Each structure stands twice: as C-alpha cells, then as structure tokens.
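Q: Quick one: this structure, given as structure tokens, is what I'll be asking you about.
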Amino acid sequence: SDRKKKVFIQLGAVLLVAFAIQSFQGSIPRSPLALAAVDELRGWAWSSNIGWVSFNCADTASCSGSDYKVSVDSVTGLLSGYAWSSNVGWIRFDPPPDSLTGRYPEDPQRPSRIDIPGSASSPLSGWARALSNNVSNGGWDGWINMSGVSISGSGFSGFAWGGDIVGWLNFDAVTRGGGGPSPACPTF
C-alpha cells in the first residue's frame with residue numbers, strides 16, 4: 001500500500017510538472033533566430049507560356065482578398081506556401097508526393113528547397129506544383145522542377161521547368177524579403 005502511494009505521488013508530480021511546462025510555454029521568450037527563421041519571398045517569375053507568377057500578395061496589394069505568399073525556412077531551406085498565376089491558378093511550393101504513386105516525378109524526392117541554407121549562394125532542388133491539374137480528366141500533371149534555379153544573397157536567378165503548360169519559369173525577379181510593385185509589361 002505504501003508502494004502504491006509512492007507511485008501515485010510520483011505520477012502526480014510528473015503530471016503537475018508537465019502541466020506547468022505546458023501552461024508557461026507560451027510565455028517563454030523565443031530567440032531572435034527562431035523569430036527570424038522564415039523569410040517571405042517577393043516579386044515575380046515569368047513564363048512565356050503562362051505569363052507572370054506573383055510570389056506575394058503584398059506585391060499586388062491584394063492581401064485583403066487573398067492572403068498568399070511563398071516563404072523559405074532559413075534553417076532547413078524548405079520553401080512553402082503558394083504563388084499565383086492568373087493563367088494556371090495556385091502554384092504550391094511544398095506539395096506532397098503524387099497521391100497515386102506516393103512519389104515525386106523523379107529525384108530528388110522532396111518539395112522545393114534551397115540546398116545549402118545560410119550560405120551566400122546555393123542551388124535549389126525539388127518540386128513545386130501547379131494545382132489546377134486534373135490528370136484523371138486528361139489534364140496535365142502540374143509538376144515544376146526547381147533544379148535550374150539558384151539564390152545568391154537575397155536574389156534568385158535561373159529557370160525552373162514545368163513541362164508543356166508552364167514551360168520555362170524565369171526566377172530573376174524573385175527576391176528573398178524584397179519585392180515591389182507589379183512588373184511593367186505589355187498587356188495583350
């Protein structure tokens with residue numbers, strides 16, 4: 001009976017400590033590194049097939065209607081979130097593998113990312129995906145290969161490849177944390 005009391009008291013103490021940690025966790029100050037771990041991308045990518053792709057609603061002053069952005073985790077280099085194309089819709093930068101095969105189209109088997117996060121320059125790899133695809137109804141797969149894109153400082157450069165629909169997607173006007181107004185381009 002004394003043994004049961006000790007076990008009960010120890011279990012109660014463990015639960016009390018766990019509850020206290022859980023309760024106060026929100027008030028613990030976070031380090032500046034943890035606060036700055038995610039950077040928003042800004043600017044525009046260009047494809048002669050689909051036109052401009054916006055990486056942040058702040059560049060179009062449209063966040064009240066649709067709050068979207070692509071972000072990069074400074075620690076892991078993983079990109080996440082959505083870009084917008086008025087011609088193909090949403091492009092997701094952290095898509096899951098294909099629901100039928102459980103895989104990405106080819107290696108590397110991962111969503112888009114900066115390969116060497118924190119370095120002065122790095123190539124990108126992995127996959128983004130235009131979500132307006134509908135393969136089961138004769139549509140297209142929407143995959144965009146990021147292997148031709150790189151980052152140097154805060155600026156991106158190079159081309160991603162999105163198959164027949166998206167084609168080459170130029171990242172030269174995409175920045176990490178920069179941005180600005182809509183690009184000047186002729187309208188057709």
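Chain labels run A, B, ... following the order of the structure tokens; each chain numbers its residues from 1, and ligands are numbered from 1 in the order shown.
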Residues at most 6 Å from Phe55 in chain A, counting only C-alpha atoms, excluding those fewer than 4 positions away in the same chain, as a list of chain:residue names?
A: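 What passes the distance filter is A:Arg42, A:Gly43, A:Trp44, A:Lys69, A:Val70, A:Ala83.
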Q: Next, the residues of the selection above should be written as a CSV table (one decimal), in the first residue's frame with N, CA, C and O atoms.
A:
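Result file is selection-v1.csv:
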```csv
chain,number,residue,atom,x,y,z
A,42,ARG,N,9.4,37.6,-52.4
A,42,ARG,CA,8.6,38.7,-53.0
A,42,ARG,C,9.0,38.7,-54.5
A,42,ARG,O,10.0,38.2,-54.9
A,43,GLY,N,8.2,39.4,-55.3
A,43,GLY,CA,8.5,39.5,-56.7
A,43,GLY,C,7.7,38.6,-57.6
A,43,GLY,O,6.7,38.1,-57.2
A,44,TRP,N,8.3,38.4,-58.8
A,44,TRP,CA,7.5,37.8,-59.9
A,44,TRP,C,8.5,36.9,-60.7
A,44,TRP,O,9.6,37.1,-60.9
A,69,LYS,N,1.5,33.8,-50.1
A,69,LYS,CA,2.9,34.1,-50.2
A,69,LYS,C,3.7,32.8,-50.2
A,69,LYS,O,3.2,31.8,-49.8
A,70,VAL,N,4.9,32.9,-50.7
A,70,VAL,CA,5.9,31.8,-50.7
A,70,VAL,C,6.9,32.2,-49.6
A,70,VAL,O,7.4,33.3,-49.6
A,83,ALA,N,2.1,30.6,-54.7
A,83,ALA,CA,2.3,31.7,-55.7
A,83,ALA,C,1.0,31.7,-56.5
A,83,ALA,O,0.3,30.7,-56.6
```
Q: Quick one: residues within 10 Å of Ala45 in chain A, only C-alpha atoms counted, chain neighbours fewer than 3 positions away excluded, as a ChimeraX atom specification?
A: /A:42,51-55,83,85,156-157,159-160,168-174,183
Q: Of the candidates A:Ser71, A:Ser80, A:Ser150, A:Ser62, which shows the shortest atom-to-atom distance to Ser119 in chain A, using only C-alpha atoms?
A: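 Using only C-alpha atoms, Ser119 in chain A sits closest to A:Ser150.
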Q: Do you have the CA of Asp59 in chain A-CA of Phe93 in chain A distance handy?
A: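 Pair CA of Asp59 in chain A / CA of Phe93 in chain A returns 18.0 Å.
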Q: Out of range 24-137 of chain A, which residues get alpha helix (DSSP H) from DSSP, as a short mmCIF file (atom, residue, chain, number, x, y, z; two decimals) with all heavy atoms, in the first residue's frame?
A:
```cif
data_model
loop_
_atom_site.label_atom_id
_atom_site.label_comp_id
_atom_site.auth_asym_id
_atom_site.auth_seq_id
_atom_site.Cartn_x
_atom_site.Cartn_y
_atom_site.Cartn_z
N PHE A 24 3.12 27.40 -19.19
CA PHE A 24 4.03 28.54 -19.30
C PHE A 24 4.81 28.59 -20.60
O PHE A 24 5.53 29.54 -20.86
CB PHE A 24 4.99 28.55 -18.12
CG PHE A 24 4.30 28.81 -16.82
CD1 PHE A 24 4.14 27.78 -15.90
CD2 PHE A 24 3.77 30.04 -16.52
CE1 PHE A 24 3.47 28.00 -14.71
CE2 PHE A 24 3.10 30.26 -15.33
CZ PHE A 24 2.96 29.24 -14.42
N PRO A 32 16.00 35.42 -31.11
CA PRO A 32 15.84 36.14 -32.38
C PRO A 32 15.98 35.22 -33.58
O PRO A 32 15.32 35.41 -34.59
CB PRO A 32 16.97 37.18 -32.33
CG PRO A 32 17.29 37.34 -30.89
CD PRO A 32 16.99 36.01 -30.25
N LEU A 33 16.83 34.18 -33.48
CA LEU A 33 16.99 33.25 -34.60
C LEU A 33 15.68 32.52 -34.87
O LEU A 33 15.26 32.38 -36.01
CB LEU A 33 18.10 32.24 -34.31
CG LEU A 33 18.36 31.19 -35.38
CD1 LEU A 33 18.75 31.86 -36.69
CD2 LEU A 33 19.42 30.23 -34.94
N ALA A 34 14.99 32.08 -33.82
CA ALA A 34 13.72 31.38 -34.00
C ALA A 34 12.67 32.31 -34.58
O ALA A 34 11.84 31.89 -35.37
CB ALA A 34 13.25 30.79 -32.68
N LEU A 35 12.69 33.58 -34.19
CA LEU A 35 11.71 34.52 -34.70
C LEU A 35 11.93 34.84 -36.17
O LEU A 35 11.00 35.14 -36.90
CB LEU A 35 11.75 35.82 -33.89
CG LEU A 35 11.28 35.69 -32.44
CD1 LEU A 35 11.49 37.01 -31.71
CD2 LEU A 35 9.83 35.29 -32.37
#
```
Q: Taking into account only C-alpha atoms, which residue in the set A:Leu131, A:Ser121, A:Thr60, A:Gly65 is nearest to Asp94 in chain A?
A: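 Ranked by minimum distance to Asp94 in chain A, first place goes to A:Leu131.
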Q: List the spatial neighbours of Ser154 in chain A as a PyMOL selection string - criterion: any atom at most 10 Å away, only C-alpha atoms, same-chain residues fewer than 5 positions off excluded.
A: chain A and resi 41+120-121+174-178
Q: Can you write out the residues you just picked, keeping C-alpha atoms, as a PDB file, in the first residue's frame?
A:
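Result file follows (part34.pdb):
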```pdb
ATOM      1  CA  LEU A  41       9.670  35.734 -50.965  1.00  0.00           C
ATOM      2  CA  ALA A 120      25.948  33.153 -49.653  1.00  0.00           C
ATOM      3  CA  SER A 121      24.712  31.238 -52.701  1.00  0.00           C
ATOM      4  CA  VAL A 174      12.104  36.951 -57.304  1.00  0.00           C
ATOM      5  CA  THR A 175      13.807  38.056 -54.087  1.00  0.00           C
ATOM      6  CA  ARG A 176      14.013  36.928 -50.506  1.00  0.00           C
ATOM      7  CA  GLY A 177      12.344  39.682 -48.470  1.00  0.00           C
ATOM      8  CA  GLY A 178      12.489  42.325 -51.224  1.00  0.00           C
TER       9      GLY A 178
END
```
Q: Any idea what the distance is between CA of Asn145 in chain A and CA of Ser112 in chain A?
A: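 So the two atoms, CA of Asn145 in chain A and CA of Ser112 in chain A, lie 8.2 Å apart.
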Q: Could you please determine the separation between CA of Ala130 in chain A and CA of Ser48 in chain A in Å, to one decimal place?
A: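 Between CA of Ala130 in chain A and CA of Ser48 in chain A the gap is 15.9 Å.
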Q: Give the answer as one residue: which of A:Gly89, A:Asn49, A:Arg3, A:Val38 has the shortest atom-to-atom distance to Trp161 in chain A, using only C-alpha atoms?
A: A:Asn49
Q: Looking at only C-alpha atoms, which of A:Gly167, A:Gly142, A:Gly155, A:Gly118 is the one that sits closest to Arg92 in chain A?
A: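 With only C-alpha atoms as the atom set, the closest residue is A:Gly142.
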Q: Using DSSP secondary structure from the backbone, list all strand (DSSP E) positions within range 77-129 of chain A, as a list in words.
A: Leu79, Ser80, Gly81, Tyr82, Ala83, Trp84, Ser85, Gly89, Trp90, Ile91, Arg92, Arg113, Ile114, Ser121, Ser122, Pro123, Leu124, Ser125, Trp127, Ala128 and Arg129 of chain A
Q: Deliver the residues from the most recent selection as a file, using N, CA, C and O atoms, as a PDB file, in the first residue's frame.
A:
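Listing of selection25.pdb after writing:
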```pdb
ATOM      1  N   LEU A  79      11.025  25.609 -49.010  1.00  0.00           N
ATOM      2  CA  LEU A  79      10.061  26.604 -49.442  1.00  0.00           C
ATOM      3  C   LEU A  79       8.664  26.088 -49.124  1.00  0.00           C
ATOM      4  O   LEU A  79       8.429  24.875 -49.149  1.00  0.00           O
ATOM      5  N   SER A  80       7.747  27.001 -48.833  1.00  0.00           N
ATOM      6  CA  SER A  80       6.370  26.609 -48.551  1.00  0.00           C
ATOM      7  C   SER A  80       5.442  27.721 -48.987  1.00  0.00           C
ATOM      8  O   SER A  80       5.863  28.850 -49.210  1.00  0.00           O
ATOM      9  N   GLY A  81       4.174  27.383 -49.109  1.00  0.00           N
ATOM     10  CA  GLY A  81       3.175  28.369 -49.459  1.00  0.00           C
ATOM     11  C   GLY A  81       2.822  28.337 -50.931  1.00  0.00           C
ATOM     12  O   GLY A  81       3.179  27.407 -51.659  1.00  0.00           O
ATOM     13  N   TYR A  82       2.113  29.399 -51.353  1.00  0.00           N
ATOM     14  CA  TYR A  82       1.528  29.426 -52.679  1.00  0.00           C
ATOM     15  C   TYR A  82       1.904  30.701 -53.432  1.00  0.00           C
ATOM     16  O   TYR A  82       1.936  31.781 -52.854  1.00  0.00           O
ATOM     17  N   ALA A  83       2.132  30.555 -54.732  1.00  0.00           N
ATOM     18  CA  ALA A  83       2.259  31.676 -55.666  1.00  0.00           C
ATOM     19  C   ALA A  83       0.999  31.669 -56.530  1.00  0.00           C
ATOM     20  O   ALA A  83       0.283  30.665 -56.586  1.00  0.00           O
ATOM     21  N   TRP A  84       0.735  32.790 -57.231  1.00  0.00           N
ATOM     22  CA  TRP A  84      -0.480  32.908 -58.021  1.00  0.00           C
ATOM     23  C   TRP A  84      -0.175  33.280 -59.463  1.00  0.00           C
ATOM     24  O   TRP A  84       0.599  34.195 -59.736  1.00  0.00           O
ATOM     25  N   SER A  85      -0.788  32.561 -60.367  1.00  0.00           N
ATOM     26  CA  SER A  85      -0.750  32.874 -61.799  1.00  0.00           C
ATOM     27  C   SER A  85      -2.188  33.040 -62.263  1.00  0.00           C
ATOM     28  O   SER A  85      -3.014  32.150 -62.040  1.00  0.00           O
ATOM     29  N   GLY A  89      -3.550  29.461 -62.093  1.00  0.00           N
ATOM     30  CA  GLY A  89      -4.014  29.399 -60.713  1.00  0.00           C
ATOM     31  C   GLY A  89      -2.882  29.257 -59.708  1.00  0.00           C
ATOM     32  O   GLY A  89      -1.780  29.760 -59.902  1.00  0.00           O
ATOM     33  N   TRP A  90      -3.166  28.536 -58.610  1.00  0.00           N
ATOM     34  CA  TRP A  90      -2.227  28.401 -57.497  1.00  0.00           C
ATOM     35  C   TRP A  90      -1.081  27.468 -57.831  1.00  0.00           C
ATOM     36  O   TRP A  90      -1.285  26.404 -58.418  1.00  0.00           O
ATOM     37  N   ILE A  91       0.125  27.859 -57.400  1.00  0.00           N
ATOM     38  CA  ILE A  91       1.320  27.019 -57.507  1.00  0.00           C
ATOM     39  C   ILE A  91       1.825  26.811 -56.087  1.00  0.00           C
ATOM     40  O   ILE A  91       2.164  27.769 -55.391  1.00  0.00           O
ATOM     41  N   ARG A  92       1.857  25.559 -55.649  1.00  0.00           N
ATOM     42  CA  ARG A  92       2.267  25.222 -54.282  1.00  0.00           C
ATOM     43  C   ARG A  92       3.736  24.830 -54.267  1.00  0.00           C
ATOM     44  O   ARG A  92       4.166  23.978 -55.051  1.00  0.00           O
ATOM     45  N   ARG A 113      13.365  23.351 -52.258  1.00  0.00           N
ATOM     46  CA  ARG A 113      14.182  23.856 -51.151  1.00  0.00           C
ATOM     47  C   ARG A 113      15.480  24.454 -51.668  1.00  0.00           C
ATOM     48  O   ARG A 113      15.936  24.155 -52.786  1.00  0.00           O
ATOM     49  N   ILE A 114      16.075  25.304 -50.830  1.00  0.00           N
ATOM     50  CA  ILE A 114      17.418  25.815 -51.056  1.00  0.00           C
ATOM     51  C   ILE A 114      18.344  24.745 -50.504  1.00  0.00           C
ATOM     52  O   ILE A 114      18.243  24.358 -49.341  1.00  0.00           O
ATOM     53  N   SER A 121      25.409  31.638 -51.476  1.00  0.00           N
ATOM     54  CA  SER A 121      24.712  31.238 -52.701  1.00  0.00           C
ATOM     55  C   SER A 121      24.486  29.729 -52.667  1.00  0.00           C
ATOM     56  O   SER A 121      25.240  28.999 -52.051  1.00  0.00           O
ATOM     57  N   SER A 122      23.414  29.310 -53.329  1.00  0.00           N
ATOM     58  CA  SER A 122      23.068  27.897 -53.306  1.00  0.00           C
ATOM     59  C   SER A 122      22.121  27.578 -54.451  1.00  0.00           C
ATOM     60  O   SER A 122      21.280  28.393 -54.811  1.00  0.00           O
ATOM     61  N   PRO A 123      22.232  26.374 -55.005  1.00  0.00           N
ATOM     62  CA  PRO A 123      21.217  25.927 -55.962  1.00  0.00           C
ATOM     63  C   PRO A 123      19.947  25.522 -55.219  1.00  0.00           C
ATOM     64  O   PRO A 123      19.973  25.290 -54.011  1.00  0.00           O
ATOM     65  N   LEU A 124      18.846  25.459 -55.953  1.00  0.00           N
ATOM     66  CA  LEU A 124      17.602  24.924 -55.432  1.00  0.00           C
ATOM     67  C   LEU A 124      17.366  23.557 -56.039  1.00  0.00           C
ATOM     68  O   LEU A 124      17.948  23.227 -57.084  1.00  0.00           O
ATOM     69  N   SER A 125      16.534  22.771 -55.415  1.00  0.00           N
ATOM     70  CA  SER A 125      16.157  21.472 -55.959  1.00  0.00           C
ATOM     71  C   SER A 125      14.754  21.142 -55.473  1.00  0.00           C
ATOM     72  O   SER A 125      14.173  21.873 -54.683  1.00  0.00           O
ATOM     73  N   TRP A 127      10.591  20.086 -55.962  1.00  0.00           N
ATOM     74  CA  TRP A 127       9.422  20.254 -56.814  1.00  0.00           C
ATOM     75  C   TRP A 127       8.409  21.244 -56.254  1.00  0.00           C
ATOM     76  O   TRP A 127       8.162  21.288 -55.059  1.00  0.00           O
ATOM     77  N   ALA A 128       7.806  22.026 -57.142  1.00  0.00           N
ATOM     78  CA  ALA A 128       6.606  22.813 -56.879  1.00  0.00           C
ATOM     79  C   ALA A 128       5.518  22.196 -57.756  1.00  0.00           C
ATOM     80  O   ALA A 128       5.808  21.356 -58.623  1.00  0.00           O
ATOM     81  N   ARG A 129       4.258  22.612 -57.555  1.00  0.00           N
ATOM     82  CA  ARG A 129       3.199  22.016 -58.372  1.00  0.00           C
ATOM     83  C   ARG A 129       2.049  22.989 -58.595  1.00  0.00           C
ATOM     84  O   ARG A 129       1.517  23.562 -57.636  1.00  0.00           O
TER      85      ARG A 129
END
```
